[in-house]
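Colleague: Structure provided below as C-alpha cells; questions to follow.
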Amino acid sequence: MLIQFNFRNFRSFRDEVSLDMTATKIAEHPSHVVECGGDKLLSVAAIYGANASGKSNVYEAFSFMKDYVLNSFSFGGTGSRRTGGKLQVSPFLFDRISREEPSEFEVFYTSDEGGKEKTYQYGFIIRGSEIQEEWLYTKAKTARNTYRTVFCRKNGEDLKTDGLSKKVVDNLKAALMPETLIVSLGAKLNIAKLSAVFDWFSRNETLHLASLGEEFSRATDLPEGFVEDISVQEKVLRYISSFDESIVGFEVEEIRRSDEDVLGKAYVIHTIHALENGGKQSILLANESHGTRKMLALYGPMHSVMEHGSVLFIDELNDGLHPLLVRNIMLTFLDPGTNINHAQLILTTHDVWQFSNELLRRDELWVTDKNGNGVSTLYSVSDFKSEEGKKARRNEALAKNYLVGHYGGIPALKPLFNAERSGNDGSEE
C-alpha cells in the first residue's frame, strides 16, 4: 500500500508537498483504517480544489513518476529509443530560481515480496531529463525504524550499495545513462531487488477520465480472455449491471487489417440491449453514452488494482458520471469485505456531494489551493487550521463549509461580463 507520495518543484507546486495516506488519530470511520506493515493506512484520498488550483498536477506528478520509472531505460543515449524522445520534467516556471532547479519525486509504500512484508522508500531528483540523484531504502516489518540502503546514487559520487553483488553493480555502472533510472535498468537486467520496485509501479494505474481519447481507448481495451472466454464477458456484464441493466451481452467482431502481423488482431465491440417486446438490439460501443463508456474504461484498471492491491489514481472521476456512481466506486474501495487486497483509490473531483463526513474521514479529504504567485499547496481537511487556529470538527457540515471557503480551494468569483454603460461619467442616462 502507498504510505506517502512526496514531490517538489513540479508544475504549479514549487515547494515540497506530501500526499499522506497514513491515518491520523481521529475517531470517525474506523473501518476505513487498514493495518499494513506496522502502519495504519487509508484506502481512499479525494482531492478537491478550484479550477487551475493544482488538483490535476498532483495526478500528473504521480503519473510522471510512474512513467519515468517504467520507461527511462529507453531514454538513454544520443538517439532515444522511446518514440517521441525523452520525458522532460516540468518545473515551477514562475520564478527564476525554481525553473532552473531540479524536481524531486519520492514514495514510501509497503509491499509483500515473497511472503515477506517490507516498507520501501524510493525516489529520484531530476533536472530536464537527467537524473541528479536516486535512492532506494527498505525496511523489514520487524525492523522497527531501521532502513537498509539498497543503493544511493548522486552525480559526481560513486554508487553506494548494500546487498547488491559486485557483479550486479558493475553491470549497472556499465549500462547506466544519465537519463536512466537504476530501478528501470535493474528491471531490464532482471535484478530481483530492483525489479520489485519496478513491478510495484507497473501494477499501479493512472487514468485521466476527462480525456476522451483515453476514455475510448480504455473502454475498448478488452480484458484478457474477453474474446474467447464467456465467463470473462459475464464478469464484465455483472459489473455493468450495477449501473445499467439494459445491457445484457456483447458481440465481438474481428476486423481484418493489413498490419495485423505487426499490431495484432483488432476487434469491434457491440453491446446487446434487451427490448420491451423480448427482442434484442446491438449497438456499437462507440455509440453508447458518455457515462457508460467511462464506466467501461474504469473496469480494467479497477479490476487490476483490486486483484493486486495496488493504487488507482484517477483525474476528474466525476466527469460524466452521476454522483451516486462516483460514491459507489468509492464505497467499493472503502468496503473491507470487497477490497480484500487493500487496493487504494486516489481521485481528483469537483463532486461536492462526496465532501461529507458521512462518507469519508477528514484525513481522506484533501484540498489544493493556489496563491497570488501561482504556487499551489496541498493539505488534508484534518490538518487544516483557520486563521484563528481552529481545526475542522468531526460534526461540521463539511461540504457547506467548503463551498463558503472555510477550507480554501474554491474559485474567487467575479462577474463574467461587465455591463456597458452609456455617458461620459460612466453612469446610466
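The way I read the labels, and the way they are meant: chains A, B, ... in the order of the C-alpha cells, residue 1 as the first residue of every chain, and ligand 1 as the first ligand shown, with later ones counted on from there.
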Run DSSP on the backbone and grab whatever in segment 238-391 of chain A lands in helix (DSSP H, G or I); send it over as a compact mmCIF listing (two decimals) with all heavy atoms, in the first residue's frame.
Modeller:
# COMPACT_ATOMS: atom_id res chain seq x y z
N ARG A 238 -21.70 -8.36 -15.24
CA ARG A 238 -22.15 -8.15 -13.86
C ARG A 238 -21.72 -6.77 -13.37
O ARG A 238 -22.46 -6.09 -12.65
CB ARG A 238 -21.58 -9.24 -12.95
CG ARG A 238 -22.25 -10.59 -13.10
CD ARG A 238 -21.92 -11.52 -11.94
NE ARG A 238 -20.50 -11.85 -11.87
CZ ARG A 238 -19.96 -12.87 -12.50
NH1 ARG A 238 -20.72 -13.69 -13.26
NH2 ARG A 238 -18.67 -13.12 -12.38
N TYR A 239 -20.54 -6.36 -13.77
CA TYR A 239 -20.07 -5.02 -13.43
C TYR A 239 -20.97 -3.96 -14.04
O TYR A 239 -21.40 -3.02 -13.36
CB TYR A 239 -18.62 -4.88 -13.92
CG TYR A 239 -18.06 -3.47 -13.93
CD1 TYR A 239 -17.56 -2.90 -12.77
CD2 TYR A 239 -18.00 -2.73 -15.11
CE1 TYR A 239 -17.02 -1.62 -12.78
CE2 TYR A 239 -17.46 -1.46 -15.14
CZ TYR A 239 -16.97 -0.91 -13.97
OH TYR A 239 -16.44 0.37 -13.99
N ILE A 240 -21.30 -4.12 -15.32
CA ILE A 240 -22.15 -3.14 -16.00
C ILE A 240 -23.56 -3.11 -15.39
O ILE A 240 -24.18 -2.05 -15.27
CB ILE A 240 -22.23 -3.44 -17.51
CG1 ILE A 240 -20.87 -3.18 -18.16
CG2 ILE A 240 -23.30 -2.61 -18.20
CD1 ILE A 240 -20.82 -3.55 -19.62
N SER A 241 -24.06 -4.27 -15.00
CA SER A 241 -25.44 -4.34 -14.46
C SER A 241 -25.57 -3.56 -13.15
O SER A 241 -26.69 -3.26 -12.73
CB SER A 241 -25.85 -5.79 -14.24
OG SER A 241 -25.08 -6.39 -13.21
N GLU A 260 -1.87 -6.54 -39.39
CA GLU A 260 -2.19 -7.44 -38.28
C GLU A 260 -0.95 -8.14 -37.74
O GLU A 260 -0.83 -8.38 -36.54
CB GLU A 260 -3.23 -8.47 -38.73
CG GLU A 260 -3.71 -9.40 -37.63
CD GLU A 260 -4.81 -10.31 -38.10
OE1 GLU A 260 -5.84 -9.80 -38.58
OE2 GLU A 260 -4.63 -11.54 -38.01
N ASP A 261 0.00 -8.46 -38.60
CA ASP A 261 1.21 -9.15 -38.16
C ASP A 261 2.03 -8.28 -37.21
O ASP A 261 2.77 -8.81 -36.36
CB ASP A 261 2.07 -9.55 -39.37
CG ASP A 261 1.40 -10.63 -40.22
OD1 ASP A 261 0.50 -11.31 -39.68
OD2 ASP A 261 1.77 -10.76 -41.40
N VAL A 262 1.91 -6.97 -37.37
CA VAL A 262 2.69 -6.05 -36.54
C VAL A 262 1.92 -5.64 -35.29
O VAL A 262 2.44 -5.69 -34.17
CB VAL A 262 3.09 -4.79 -37.34
CG1 VAL A 262 3.86 -3.81 -36.46
CG2 VAL A 262 3.91 -5.20 -38.56
N LEU A 263 0.68 -5.24 -35.47
CA LEU A 263 -0.11 -4.68 -34.38
C LEU A 263 -1.06 -5.68 -33.73
O LEU A 263 -1.67 -5.39 -32.70
CB LEU A 263 -0.91 -3.46 -34.87
CG LEU A 263 -0.08 -2.30 -35.42
CD1 LEU A 263 -0.99 -1.20 -35.94
CD2 LEU A 263 0.86 -1.76 -34.35
N LEU A 285 -20.26 0.03 -29.36
CA LEU A 285 -19.84 0.59 -28.07
C LEU A 285 -19.57 2.08 -28.22
O LEU A 285 -19.85 2.86 -27.30
CB LEU A 285 -18.59 -0.14 -27.57
CG LEU A 285 -17.95 0.41 -26.29
CD1 LEU A 285 -18.94 0.39 -25.13
CD2 LEU A 285 -16.69 -0.36 -25.95
N ALA A 286 -19.05 2.49 -29.36
CA ALA A 286 -18.76 3.91 -29.59
C ALA A 286 -20.01 4.77 -29.53
O ALA A 286 -19.92 5.98 -29.30
CB ALA A 286 -18.07 4.09 -30.94
N ASN A 287 -21.19 4.16 -29.73
CA ASN A 287 -22.45 4.91 -29.69
C ASN A 287 -23.12 4.87 -28.33
O ASN A 287 -24.22 5.41 -28.16
CB ASN A 287 -23.41 4.37 -30.75
CG ASN A 287 -22.93 4.64 -32.16
OD1 ASN A 287 -22.20 5.62 -32.39
ND2 ASN A 287 -23.30 3.80 -33.11
N HIS A 290 -21.78 8.59 -22.85
CA HIS A 290 -20.51 9.03 -22.30
C HIS A 290 -20.22 8.31 -20.98
O HIS A 290 -19.13 7.80 -20.74
CB HIS A 290 -20.58 10.54 -22.09
CG HIS A 290 -19.32 11.19 -21.64
ND1 HIS A 290 -18.09 10.91 -22.17
CD2 HIS A 290 -19.10 12.14 -20.68
CE1 HIS A 290 -17.16 11.65 -21.57
NE2 HIS A 290 -17.76 12.39 -20.67
N GLY A 291 -21.25 8.25 -20.11
CA GLY A 291 -21.08 7.63 -18.80
C GLY A 291 -20.82 6.14 -18.89
O GLY A 291 -19.99 5.60 -18.15
N THR A 292 -21.52 5.44 -19.80
CA THR A 292 -21.30 4.00 -19.96
C THR A 292 -19.89 3.72 -20.45
O THR A 292 -19.23 2.80 -19.95
CB THR A 292 -22.33 3.42 -20.95
OG1 THR A 292 -23.65 3.58 -20.40
CG2 THR A 292 -22.07 1.94 -21.20
N ARG A 293 -19.41 4.50 -21.41
CA ARG A 293 -18.04 4.31 -21.88
C ARG A 293 -17.03 4.56 -20.77
O ARG A 293 -16.02 3.87 -20.66
CB ARG A 293 -17.75 5.21 -23.08
CG ARG A 293 -18.58 4.89 -24.33
CD ARG A 293 -17.95 5.49 -25.58
NE ARG A 293 -17.65 6.89 -25.43
CZ ARG A 293 -18.46 7.89 -25.74
NH1 ARG A 293 -19.68 7.60 -26.20
NH2 ARG A 293 -18.11 9.15 -25.59
N LYS A 294 -17.29 5.57 -19.94
CA LYS A 294 -16.37 5.85 -18.86
C LYS A 294 -16.35 4.71 -17.84
O LYS A 294 -15.29 4.34 -17.32
CB LYS A 294 -16.74 7.17 -18.17
CG LYS A 294 -16.35 8.38 -19.00
CD LYS A 294 -16.36 9.63 -18.16
CE LYS A 294 -15.85 10.82 -18.98
NZ LYS A 294 -14.45 10.66 -19.37
N MET A 295 -17.50 4.15 -17.53
CA MET A 295 -17.54 3.04 -16.59
C MET A 295 -16.83 1.81 -17.17
O MET A 295 -16.16 1.08 -16.44
CB MET A 295 -18.98 2.71 -16.21
CG MET A 295 -19.64 3.75 -15.31
SD MET A 295 -18.79 3.95 -13.71
CE MET A 295 -19.13 2.36 -12.93
N LEU A 296 -16.97 1.60 -18.47
CA LEU A 296 -16.23 0.51 -19.10
C LEU A 296 -14.73 0.79 -19.09
O LEU A 296 -13.91 -0.13 -18.93
CB LEU A 296 -16.73 0.29 -20.52
CG LEU A 296 -18.01 -0.54 -20.65
CD1 LEU A 296 -18.54 -0.48 -22.08
CD2 LEU A 296 -17.76 -1.98 -20.24
N ALA A 297 -14.36 2.07 -19.26
CA ALA A 297 -12.95 2.43 -19.20
C ALA A 297 -12.37 2.16 -17.82
O ALA A 297 -11.19 1.86 -17.67
CB ALA A 297 -12.78 3.91 -19.56
N LEU A 298 -13.21 2.25 -16.80
CA LEU A 298 -12.76 2.02 -15.43
C LEU A 298 -12.64 0.54 -15.09
O LEU A 298 -11.92 0.19 -14.14
CB LEU A 298 -13.75 2.67 -14.44
CG LEU A 298 -13.55 4.15 -14.12
CD1 LEU A 298 -14.77 4.70 -13.39
CD2 LEU A 298 -12.31 4.32 -13.27
N TYR A 299 -13.31 -0.32 -15.84
CA TYR A 299 -13.36 -1.73 -15.45
C TYR A 299 -11.97 -2.35 -15.37
O TYR A 299 -11.62 -2.96 -14.35
CB TYR A 299 -14.22 -2.54 -16.44
CG TYR A 299 -14.18 -4.03 -16.13
CD1 TYR A 299 -14.98 -4.55 -15.12
CD2 TYR A 299 -13.31 -4.89 -16.79
CE1 TYR A 299 -14.93 -5.90 -14.81
CE2 TYR A 299 -13.25 -6.24 -16.49
CZ TYR A 299 -14.07 -6.74 -15.50
OH TYR A 299 -14.01 -8.07 -15.18
N GLY A 300 -11.18 -2.21 -16.41
CA GLY A 300 -9.86 -2.84 -16.44
C GLY A 300 -8.96 -2.37 -15.32
O GLY A 300 -8.42 -3.19 -14.56
N PRO A 301 -8.77 -1.03 -15.16
CA PRO A 301 -7.93 -0.54 -14.07
C PRO A 301 -8.44 -0.93 -12.68
O PRO A 301 -7.67 -1.33 -11.82
CB PRO A 301 -7.95 0.98 -14.26
CG PRO A 301 -8.21 1.18 -15.71
CD PRO A 301 -9.14 0.06 -16.09
N MET A 302 -9.77 -0.85 -12.47
CA MET A 302 -10.32 -1.21 -11.16
C MET A 302 -10.11 -2.69 -10.87
O MET A 302 -9.70 -3.08 -9.77
CB MET A 302 -11.81 -0.87 -11.08
CG MET A 302 -12.10 0.59 -10.82
SD MET A 302 -13.88 0.90 -10.52
CE MET A 302 -14.15 -0.04 -9.02
N HIS A 303 -10.39 -3.54 -11.86
CA HIS A 303 -10.23 -4.98 -11.68
C HIS A 303 -8.77 -5.31 -11.37
O HIS A 303 -8.48 -6.14 -10.50
CB HIS A 303 -10.70 -5.71 -12.95
CG HIS A 303 -10.63 -7.20 -12.84
ND1 HIS A 303 -9.50 -7.91 -13.20
CD2 HIS A 303 -11.53 -8.11 -12.39
CE1 HIS A 303 -9.72 -9.20 -13.00
NE2 HIS A 303 -10.93 -9.35 -12.51
N SER A 304 -7.85 -4.65 -12.05
CA SER A 304 -6.43 -4.92 -11.87
C SER A 304 -5.95 -4.53 -10.47
O SER A 304 -5.28 -5.32 -9.79
CB SER A 304 -5.61 -4.19 -12.93
OG SER A 304 -4.23 -4.37 -12.73
N VAL A 305 -6.27 -3.31 -10.04
CA VAL A 305 -5.77 -2.87 -8.73
C VAL A 305 -6.44 -3.62 -7.59
O VAL A 305 -5.81 -3.87 -6.55
CB VAL A 305 -5.91 -1.34 -8.55
CG1 VAL A 305 -5.15 -0.59 -9.63
CG2 VAL A 305 -7.36 -0.90 -8.49
N MET A 306 -7.71 -3.98 -7.76
CA MET A 306 -8.37 -4.77 -6.72
C MET A 306 -7.74 -6.15 -6.60
O MET A 306 -7.65 -6.72 -5.51
CB MET A 306 -9.87 -4.90 -7.01
CG MET A 306 -10.63 -3.59 -7.03
SD MET A 306 -10.78 -2.77 -5.43
CE MET A 306 -12.10 -3.72 -4.70
N GLU A 307 -7.28 -6.69 -7.71
CA GLU A 307 -6.65 -8.01 -7.70
C GLU A 307 -5.25 -7.94 -7.10
O GLU A 307 -4.85 -8.85 -6.35
CB GLU A 307 -6.58 -8.56 -9.12
CG GLU A 307 -5.95 -9.94 -9.22
CD GLU A 307 -5.89 -10.47 -10.64
OE1 GLU A 307 -6.27 -9.73 -11.58
OE2 GLU A 307 -5.47 -11.63 -10.81
N HIS A 308 -4.50 -6.88 -7.41
CA HIS A 308 -3.11 -6.80 -6.98
C HIS A 308 -2.92 -6.00 -5.70
O HIS A 308 -1.81 -5.97 -5.15
CB HIS A 308 -2.25 -6.16 -8.08
CG HIS A 308 -2.14 -7.00 -9.32
ND1 HIS A 308 -2.73 -6.63 -10.50
CD2 HIS A 308 -1.52 -8.18 -9.55
CE1 HIS A 308 -2.47 -7.55 -11.42
NE2 HIS A 308 -1.74 -8.50 -10.86
N PRO A 323 -23.32 11.37 -9.43
CA PRO A 323 -22.72 11.32 -8.09
C PRO A 323 -22.90 9.98 -7.37
O PRO A 323 -22.02 9.56 -6.62
CB PRO A 323 -23.44 12.45 -7.34
CG PRO A 323 -23.83 13.41 -8.40
CD PRO A 323 -24.15 12.58 -9.61
N LEU A 324 -24.01 9.30 -7.61
CA LEU A 324 -24.22 8.00 -6.97
C LEU A 324 -23.26 6.96 -7.51
O LEU A 324 -22.82 6.06 -6.78
CB LEU A 324 -25.66 7.53 -7.18
CG LEU A 324 -26.72 8.24 -6.32
CD1 LEU A 324 -28.12 7.80 -6.72
CD2 LEU A 324 -26.49 7.97 -4.84
N LEU A 325 -22.91 7.06 -8.81
CA LEU A 325 -21.91 6.16 -9.36
C LEU A 325 -20.53 6.43 -8.76
O LEU A 325 -19.79 5.50 -8.44
CB LEU A 325 -21.84 6.31 -10.89
CG LEU A 325 -22.77 5.43 -11.72
CD1 LEU A 325 -22.61 5.74 -13.20
CD2 LEU A 325 -22.49 3.96 -11.46
N VAL A 326 -20.20 7.71 -8.63
CA VAL A 326 -18.92 8.07 -8.01
C VAL A 326 -18.86 7.52 -6.59
O VAL A 326 -17.85 6.93 -6.17
CB VAL A 326 -18.73 9.60 -8.01
CG1 VAL A 326 -17.48 10.00 -7.24
CG2 VAL A 326 -18.67 10.14 -9.44
N ARG A 327 -19.95 7.69 -5.85
CA ARG A 327 -19.98 7.19 -4.47
C ARG A 327 -19.85 5.67 -4.44
O ARG A 327 -19.16 5.12 -3.58
CB ARG A 327 -21.26 7.64 -3.77
CG ARG A 327 -21.42 7.07 -2.37
CD ARG A 327 -22.44 7.82 -1.54
NE ARG A 327 -21.96 9.16 -1.22
CZ ARG A 327 -22.41 9.86 -0.18
NH1 ARG A 327 -23.33 9.36 0.62
NH2 ARG A 327 -21.95 11.06 0.07
N ASN A 328 -20.48 4.99 -5.37
CA ASN A 328 -20.42 3.53 -5.41
C ASN A 328 -18.99 3.04 -5.67
O ASN A 328 -18.54 2.04 -5.10
CB ASN A 328 -21.36 2.98 -6.47
CG ASN A 328 -21.73 1.53 -6.23
OD1 ASN A 328 -21.77 1.07 -5.09
ND2 ASN A 328 -21.99 0.80 -7.29
N ILE A 329 -18.28 3.76 -6.53
CA ILE A 329 -16.87 3.42 -6.79
C ILE A 329 -16.05 3.60 -5.53
O ILE A 329 -15.23 2.74 -5.15
CB ILE A 329 -16.31 4.29 -7.93
CG1 ILE A 329 -16.99 3.92 -9.26
CG2 ILE A 329 -14.81 4.13 -8.06
CD1 ILE A 329 -16.74 4.91 -10.37
N MET A 330 -16.26 4.70 -4.83
CA MET A 330 -15.51 4.96 -3.60
C MET A 330 -15.84 3.93 -2.53
O MET A 330 -14.95 3.44 -1.82
CB MET A 330 -15.80 6.38 -3.13
CG MET A 330 -15.32 7.46 -4.09
SD MET A 330 -15.89 9.13 -3.70
CE MET A 330 -14.89 9.49 -2.28
N LEU A 331 -17.10 3.56 -2.41
CA LEU A 331 -17.51 2.57 -1.42
C LEU A 331 -16.90 1.21 -1.70
O LEU A 331 -16.63 0.44 -0.77
CB LEU A 331 -19.04 2.46 -1.38
CG LEU A 331 -19.78 3.64 -0.74
CD1 LEU A 331 -21.29 3.50 -0.95
CD2 LEU A 331 -19.46 3.73 0.75
N THR A 332 -16.67 0.91 -2.97
CA THR A 332 -16.02 -0.36 -3.32
C THR A 332 -14.64 -0.46 -2.70
O THR A 332 -14.23 -1.52 -2.22
CB THR A 332 -15.92 -0.49 -4.85
OG1 THR A 332 -17.24 -0.44 -5.42
CG2 THR A 332 -15.26 -1.80 -5.25
N PHE A 333 -13.90 0.65 -2.69
CA PHE A 333 -12.57 0.66 -2.10
C PHE A 333 -12.63 0.75 -0.57
O PHE A 333 -11.72 0.27 0.11
CB PHE A 333 -11.74 1.81 -2.66
CG PHE A 333 -11.24 1.58 -4.05
CD1 PHE A 333 -12.04 1.83 -5.15
CD2 PHE A 333 -9.96 1.10 -4.27
CE1 PHE A 333 -11.59 1.61 -6.45
CE2 PHE A 333 -9.48 0.88 -5.56
CZ PHE A 333 -10.30 1.12 -6.65
N LEU A 334 -13.68 1.38 -0.05
CA LEU A 334 -13.79 1.55 1.40
C LEU A 334 -14.29 0.31 2.11
O LEU A 334 -14.11 0.18 3.33
CB LEU A 334 -14.73 2.73 1.70
CG LEU A 334 -14.23 4.12 1.31
CD1 LEU A 334 -15.35 5.14 1.40
CD2 LEU A 334 -13.05 4.53 2.19
N VAL A 352 -18.97 17.78 -4.94
CA VAL A 352 -19.06 18.20 -3.54
C VAL A 352 -19.96 17.27 -2.73
O VAL A 352 -19.84 17.20 -1.51
CB VAL A 352 -19.57 19.66 -3.46
CG1 VAL A 352 -19.63 20.14 -2.02
CG2 VAL A 352 -18.66 20.58 -4.26
N TRP A 353 -20.82 16.52 -3.41
CA TRP A 353 -21.70 15.59 -2.70
C TRP A 353 -20.90 14.56 -1.91
O TRP A 353 -21.35 14.04 -0.90
CB TRP A 353 -22.64 14.90 -3.69
CG TRP A 353 -23.84 14.29 -3.04
CD1 TRP A 353 -24.75 14.91 -2.25
CD2 TRP A 353 -24.26 12.93 -3.16
NE1 TRP A 353 -25.72 14.02 -1.85
CE2 TRP A 353 -25.44 12.79 -2.40
CE3 TRP A 353 -23.77 11.81 -3.84
CZ2 TRP A 353 -26.14 11.59 -2.29
CZ3 TRP A 353 -24.46 10.61 -3.73
CH2 TRP A 353 -25.63 10.50 -2.96
N GLN A 354 -19.69 14.27 -2.36
CA GLN A 354 -18.83 13.29 -1.66
C GLN A 354 -17.99 13.95 -0.56
O GLN A 354 -17.34 13.24 0.21
CB GLN A 354 -17.89 12.59 -2.65
CG GLN A 354 -18.50 12.21 -3.98
CD GLN A 354 -19.74 11.33 -3.87
OE1 GLN A 354 -19.94 10.64 -2.88
NE2 GLN A 354 -20.59 11.38 -4.89
N ARG A 362 -11.99 12.99 7.73
CA ARG A 362 -11.38 14.28 7.40
C ARG A 362 -9.98 14.11 6.82
O ARG A 362 -9.54 14.93 6.01
CB ARG A 362 -11.32 15.16 8.66
CG ARG A 362 -12.65 15.79 9.06
CD ARG A 362 -12.60 16.32 10.47
NE ARG A 362 -12.59 15.24 11.45
CZ ARG A 362 -12.30 15.40 12.74
NH1 ARG A 362 -11.97 16.59 13.20
NH2 ARG A 362 -12.33 14.36 13.57
N ASP A 363 -9.26 13.02 7.21
CA ASP A 363 -7.93 12.81 6.64
C ASP A 363 -7.98 12.11 5.29
O ASP A 363 -6.93 11.86 4.68
CB ASP A 363 -7.02 12.05 7.61
CG ASP A 363 -7.66 10.78 8.16
OD1 ASP A 363 -8.75 10.40 7.68
OD2 ASP A 363 -7.08 10.16 9.07
N GLU A 364 -9.19 11.80 4.79
CA GLU A 364 -9.35 11.28 3.43
C GLU A 364 -9.77 12.38 2.45
O GLU A 364 -9.83 12.14 1.25
CB GLU A 364 -10.40 10.16 3.42
CG GLU A 364 -9.97 8.92 4.19
CD GLU A 364 -11.08 7.89 4.35
OE1 GLU A 364 -12.23 8.29 4.67
OE2 GLU A 364 -10.81 6.70 4.16
Colleague: Point out the residue among A:Gly37, A:Ser195, A:Ala175, A:Val232 with the least atom-to-atom distance to Glu117 of chain A, counting only C-alpha atoms.
Modeller: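 Residue with the minimum atom-to-atom distance to Glu117 of chain A: A:Gly37.
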Colleague: So, with only C-alpha atoms as the atoms that count, which of A:Gln281, A:Leu19, A:Lys25, A:Glu387 lies closest to Gly408 of chain A?
Modeller: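 Distance minimum relative to Gly408 of chain A lands on A:Glu387.
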Colleague: Once you count only C-alpha atoms, what closest atom pair and distance in Å to one decimal does each residue of segment 363-415 of chain A within 8 Å of segment 45-48 of chain A have, with rows by chain and rising residue number, as CSV?
Modeller:
residue,atom,partner,partner_atom,distance
A:Asp363,CA,A:Ala45,CA,7.9
A:Glu364,CA,A:Ala45,CA,4.6
A:Leu365,CA,A:Ala46,CA,5.2
A:Trp366,CA,A:Ile47,CA,4.5
A:Val367,CA,A:Tyr48,CA,4.7
A:Thr368,CA,A:Tyr48,CA,6.3
A:Gly409,CA,A:Tyr48,CA,7.0
Colleague: What's around segment 275-279 of chain A at 12 Å? Count only C-alpha atoms, leave out sequence neighbours fewer than 5 positions away in its own chain, and write the answer as a ChimeraX atom specification.
Modeller: /A:245-248
Colleague: Using N, CA and C atoms, can you write the selected residues to a file as a PDB file, in the first residue's frame?
Modeller:
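Below you can see again_19.pdb, which holds the result:
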ATOM      1  N   GLU A 245     -28.875  -2.031 -16.332  1.00  0.00           N
ATOM      2  CA  GLU A 245     -29.375  -3.389 -16.508  1.00  0.00           C
ATOM      3  C   GLU A 245     -29.910  -3.644 -17.912  1.00  0.00           C
ATOM      4  N   SER A 246     -29.944  -2.603 -18.760  1.00  0.00           N
ATOM      5  CA  SER A 246     -30.469  -2.795 -20.112  1.00  0.00           C
ATOM      6  C   SER A 246     -29.480  -3.527 -21.011  1.00  0.00           C
ATOM      7  N   ILE A 247     -28.177  -3.471 -20.669  1.00  0.00           N
ATOM      8  CA  ILE A 247     -27.157  -4.191 -21.443  1.00  0.00           C
ATOM      9  C   ILE A 247     -27.119  -5.630 -20.953  1.00  0.00           C
ATOM     10  N   VAL A 248     -27.358  -6.569 -21.863  1.00  0.00           N
ATOM     11  CA  VAL A 248     -27.478  -7.982 -21.460  1.00  0.00           C
ATOM     12  C   VAL A 248     -26.397  -8.854 -22.090  1.00  0.00           C
TER      13      VAL A 248
END
Colleague: Between atom CA of Asn155 of chain A and atom CA of Ile131 of chain A, what is the distance in Å, rounded to a tenth?
Modeller: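 Value for the atom CA of Asn155 of chain A-atom CA of Ile131 of chain A distance: 8.1 Å.
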Colleague: So that I can check the surroundings of Leu189 of chain A, please list as a list in words every protein, DNA and RNA residue that reaches within 10 Å of it, counting only C-alpha atoms and ignoring chain neighbours fewer than 5 positions away.
Modeller: Val168, Asn171, Leu172, Ala175, Val183, Ser184, Leu194 and Ser195 of chain A
Colleague: So that I can see what lies close to Val58 of chain A, please list as a short mmCIF file (atom, residue, chain, number, x, y, z; two decimals) with C-alpha atoms, in the first residue's frame the residues with an atom at most 12 Å from it, counting only C-alpha atoms and leaving out residues fewer than 4 positions away in the same chain.
Modeller:
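File selection.cif, as written:
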data_model
loop_
_atom_site.label_atom_id
_atom_site.label_comp_id
_atom_site.auth_asym_id
_atom_site.auth_seq_id
_atom_site.Cartn_x
_atom_site.Cartn_y
_atom_site.Cartn_z
CA PHE A 5 3.83 10.41 -2.06
CA ASN A 6 6.10 13.45 -1.95
CA PHE A 7 7.15 15.77 -4.75
CA ARG A 8 8.70 19.20 -5.22
CA ASN A 9 9.14 21.76 -7.99
CA PHE A 10 6.66 20.26 -10.42
CA ARG A 11 4.31 22.44 -12.46
CA SER A 12 2.33 24.67 -10.07
CA PHE A 13 3.88 23.08 -6.95
CA GLU A 16 7.60 20.16 -1.30
CA VAL A 17 4.16 18.66 -0.78
CA SER A 18 3.08 15.34 0.66
CA LEU A 19 0.02 13.22 -0.04
CA ALA A 45 -7.97 10.07 -0.80
CA ALA A 46 -10.30 12.56 -2.53
CA ILE A 47 -8.65 15.78 -3.75
CA TYR A 48 -10.75 18.93 -4.21
CA GLY A 49 -9.89 22.44 -5.35
CA ALA A 52 -6.32 25.65 -12.00
CA SER A 53 -5.58 25.21 -8.28
CA GLY A 54 -3.29 22.22 -8.89
CA PHE A 62 2.32 10.68 -9.72
CA SER A 63 1.79 9.78 -13.37
CA PHE A 64 5.16 11.32 -14.34
CA MET A 65 6.99 9.36 -11.67
CA PHE A 105 9.71 12.65 -6.52
CA THR A 206 -3.39 6.14 -13.66
CA PHE A 313 -5.15 7.36 -9.36
CA ILE A 314 -7.99 8.95 -11.33
CA ASP A 315 -8.13 12.55 -12.50
CA GLU A 316 -11.65 14.05 -12.71
CA ILE A 346 -6.82 8.46 -5.14
CA LEU A 347 -9.05 10.80 -7.10
CA THR A 348 -9.47 14.41 -8.05
CA TRP A 366 -7.73 16.84 0.56
CA VAL A 367 -7.71 20.37 -0.88
CA THR A 368 -5.44 22.15 -3.34
CA ASP A 369 -5.17 25.93 -3.24
CA SER A 376 -0.12 25.51 -5.27
CA THR A 377 -0.41 23.85 -1.89
CA LEU A 378 -1.96 20.53 -0.84
CA TYR A 379 -3.38 19.75 2.60
#
Colleague: Out of segment 103-270 of chain A, which residues get strand (DSSP E or B) from DSSP, as a ChimeraX atom specification?
Modeller: /A:103-113,116-127,130-140,148-154,160-161,205-208,247-255,266-270
Colleague: Nearest to Lys280 of chain A among A:Val44, A:Arg14, A:Glu251, A:Tyr137, with distances taken over only C-alpha atoms: which residue is it?
Modeller: A:Glu251
Colleague: Near Phe250 of chain A, counting only C-alpha atoms, which residues have an atom at most 6 Å away, once you skip same-chain residues fewer than 6 positions from it, shown as a ChimeraX atom specification?
Modeller: /A:270-272
Colleague: Could you give me, as a list in words, the residues within 12 Å of Asp158 of chain A, counting only C-alpha atoms and dropping anything in the same chain fewer than 4 positions from it?
Modeller: Glu133, Phe151, Cys152, Arg153, Lys154, Val169, Asp170 and Lys173 of chain A
Colleague: Write the selection just made, keeping N, CA and C atoms, as a compact mmCIF listing (two decimals), in the first residue's frame?
Modeller:
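out.txt, written as the output of this step:
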# COMPACT_ATOMS: atom_id res chain seq x y z
N GLU A 133 19.95 12.58 -8.63
CA GLU A 133 20.08 11.66 -7.50
C GLU A 133 18.99 10.60 -7.61
N PHE A 151 20.59 1.09 -2.59
CA PHE A 151 21.56 1.88 -3.35
C PHE A 151 21.28 3.35 -3.14
N CYS A 152 22.28 4.14 -3.36
CA CYS A 152 22.17 5.60 -3.30
C CYS A 152 23.09 6.17 -4.37
N ARG A 153 22.52 6.92 -5.28
CA ARG A 153 23.24 7.45 -6.44
C ARG A 153 23.18 8.97 -6.41
N LYS A 154 24.33 9.58 -6.63
CA LYS A 154 24.39 11.04 -6.68
C LYS A 154 25.45 11.45 -7.68
N VAL A 169 26.57 -4.60 -9.52
CA VAL A 169 26.95 -3.18 -9.52
C VAL A 169 27.76 -2.84 -10.76
N ASP A 170 28.69 -3.71 -11.11
CA ASP A 170 29.50 -3.47 -12.31
C ASP A 170 28.63 -3.42 -13.57
N LYS A 173 26.75 -0.07 -13.58
CA LYS A 173 27.62 1.05 -13.94
C LYS A 173 27.94 1.06 -15.43
